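Visitor: One structure coming up, written as structure tokens, with questions to follow.
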Amino acid sequence: MKRSLNVEILGQSFTISSDAEESYILSVAGYVNDKMQELSRASKPAAKANVAMLTALNIADEYHRLKEAHESMLKRVNQLSKQLSAKLTEEG
């Protein structure tokens with residue numbers, strides 16, 4: 001069931017409508033807010049739109065790096081699983 005929840009990101013209020021749990025929505029909004037705050041402190045004063053775009057790029061970069069690491073790990077787990085299965089077949 002969709003629910004609406006107000007969150008604040010970089011001092012601006014947003015209403016989020018989602019099927020997700022409230023704690024999850026707040027966690028995601030908090031993560032975005034923290035990233036935007038971090039970029040705001042680290043750079044010269046910039047328009048919120050610029051901070052938002054840089055934040056989106058940074059989060060997308062994190063996502064792609066984690067996705068690649070995850071896919072690499074799955075590939076390794078599959079290799080090890082096949083090796084283990086082969087060894088068990090040999091010994092059984």
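To be explicit about the labels: the chains of the structure tokens are called A, B, and onward in the order shown, and within each one the residues are counted from 1, while ligands get numbers from 1 in the order they are shown.
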If we count only C-alpha atoms and set the cut-off at 12 Å, which residues sit around A:Thr15, ignoring sequence neighbours fewer than 5 positions away in its own chain? Please answer as a PyMOL selection string.

Guide: chain A and resi 3-9+25-26+29

Visitor: Keeping C-alpha atoms for every residue in the selection just given, could you write it to a file as a short mmCIF file (atom, residue, chain, number, x, y, z; two decimals), in the first residue's frame?

Guide:
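The result, written out as result.cif:
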data_model
loop_
_atom_site.label_atom_id
_atom_site.label_comp_id
_atom_site.auth_asym_id
_atom_site.auth_seq_id
_atom_site.Cartn_x
_atom_site.Cartn_y
_atom_site.Cartn_z
CA ARG A 3 2.08 5.78 1.79
CA SER A 4 3.20 9.40 1.76
CA LEU A 5 5.98 10.67 3.96
CA ASN A 6 7.55 14.11 4.27
CA VAL A 7 11.34 14.21 4.25
CA GLU A 8 13.82 17.07 4.30
CA ILE A 9 16.80 17.14 1.98
CA ILE A 25 12.33 5.83 3.04
CA LEU A 26 13.81 7.88 5.89
CA ALA A 29 16.37 10.31 2.20
#

Visitor: Just list as a ChimeraX atom specification whatever in chain A DSSP marks as helix (DSSP H, G or I).

Guide: /A:22-42,48-91

Visitor: By how many Å are atom CA of A:Ser27 and atom CA of A:Ala47 apart?

Guide: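 Spanning atom CA of A:Ser27 to atom CA of A:Ala47 is a straight-line distance of 24.4 Å.
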
Visitor: Using the chain letters and numbers from this document, which residues of chain A does DSSP assign to strand (DSSP E), as JSON, numbers by chain?

Guide: {"A": [3, 4, 5, 6, 7, 8, 9, 12, 13, 14, 15, 16, 17, 18]}

Visitor: Save the residues we just selected, C-alpha atoms, as a PDB file, in the first residue's frame?

Guide:
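The result, stored in again.pdb:
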ATOM      1  CA  ARG A   3       2.079   5.781   1.794  1.00  0.00           C
ATOM      2  CA  SER A   4       3.204   9.398   1.764  1.00  0.00           C
ATOM      3  CA  LEU A   5       5.983  10.666   3.961  1.00  0.00           C
ATOM      4  CA  ASN A   6       7.549  14.106   4.270  1.00  0.00           C
ATOM      5  CA  VAL A   7      11.337  14.214   4.247  1.00  0.00           C
ATOM      6  CA  GLU A   8      13.817  17.069   4.303  1.00  0.00           C
ATOM      7  CA  ILE A   9      16.795  17.143   1.982  1.00  0.00           C
ATOM      8  CA  GLN A  12      13.888  21.537   1.416  1.00  0.00           C
ATOM      9  CA  SER A  13      10.789  19.506   2.210  1.00  0.00           C
ATOM     10  CA  PHE A  14       9.667  16.725  -0.132  1.00  0.00           C
ATOM     11  CA  THR A  15       6.681  14.389  -0.007  1.00  0.00           C
ATOM     12  CA  ILE A  16       7.659  10.857  -0.969  1.00  0.00           C
ATOM     13  CA  SER A  17       5.017   8.332  -2.007  1.00  0.00           C
ATOM     14  CA  SER A  18       6.187   4.724  -1.792  1.00  0.00           C
TER      15      SER A  18
END

Visitor: Could you name the residues that touch stretch 59-69 of chain A at 9 Å or less, counting only C-alpha atoms, but leaving out those on the same chain fewer than 5 positions away, as a PDB file with C-alpha atoms, in the first residue's frame?

Guide:
ATOM      1  CA  VAL A  32      20.890  11.578   0.021  1.00  0.00           C
ATOM      2  CA  LYS A  35      25.730  13.214   0.611  1.00  0.00           C
ATOM      3  CA  LEU A  54      26.990  16.210  -8.332  1.00  0.00           C
ATOM      4  CA  LEU A  74      28.834 -13.853  -7.645  1.00  0.00           C
TER       5      LEU A  74
END
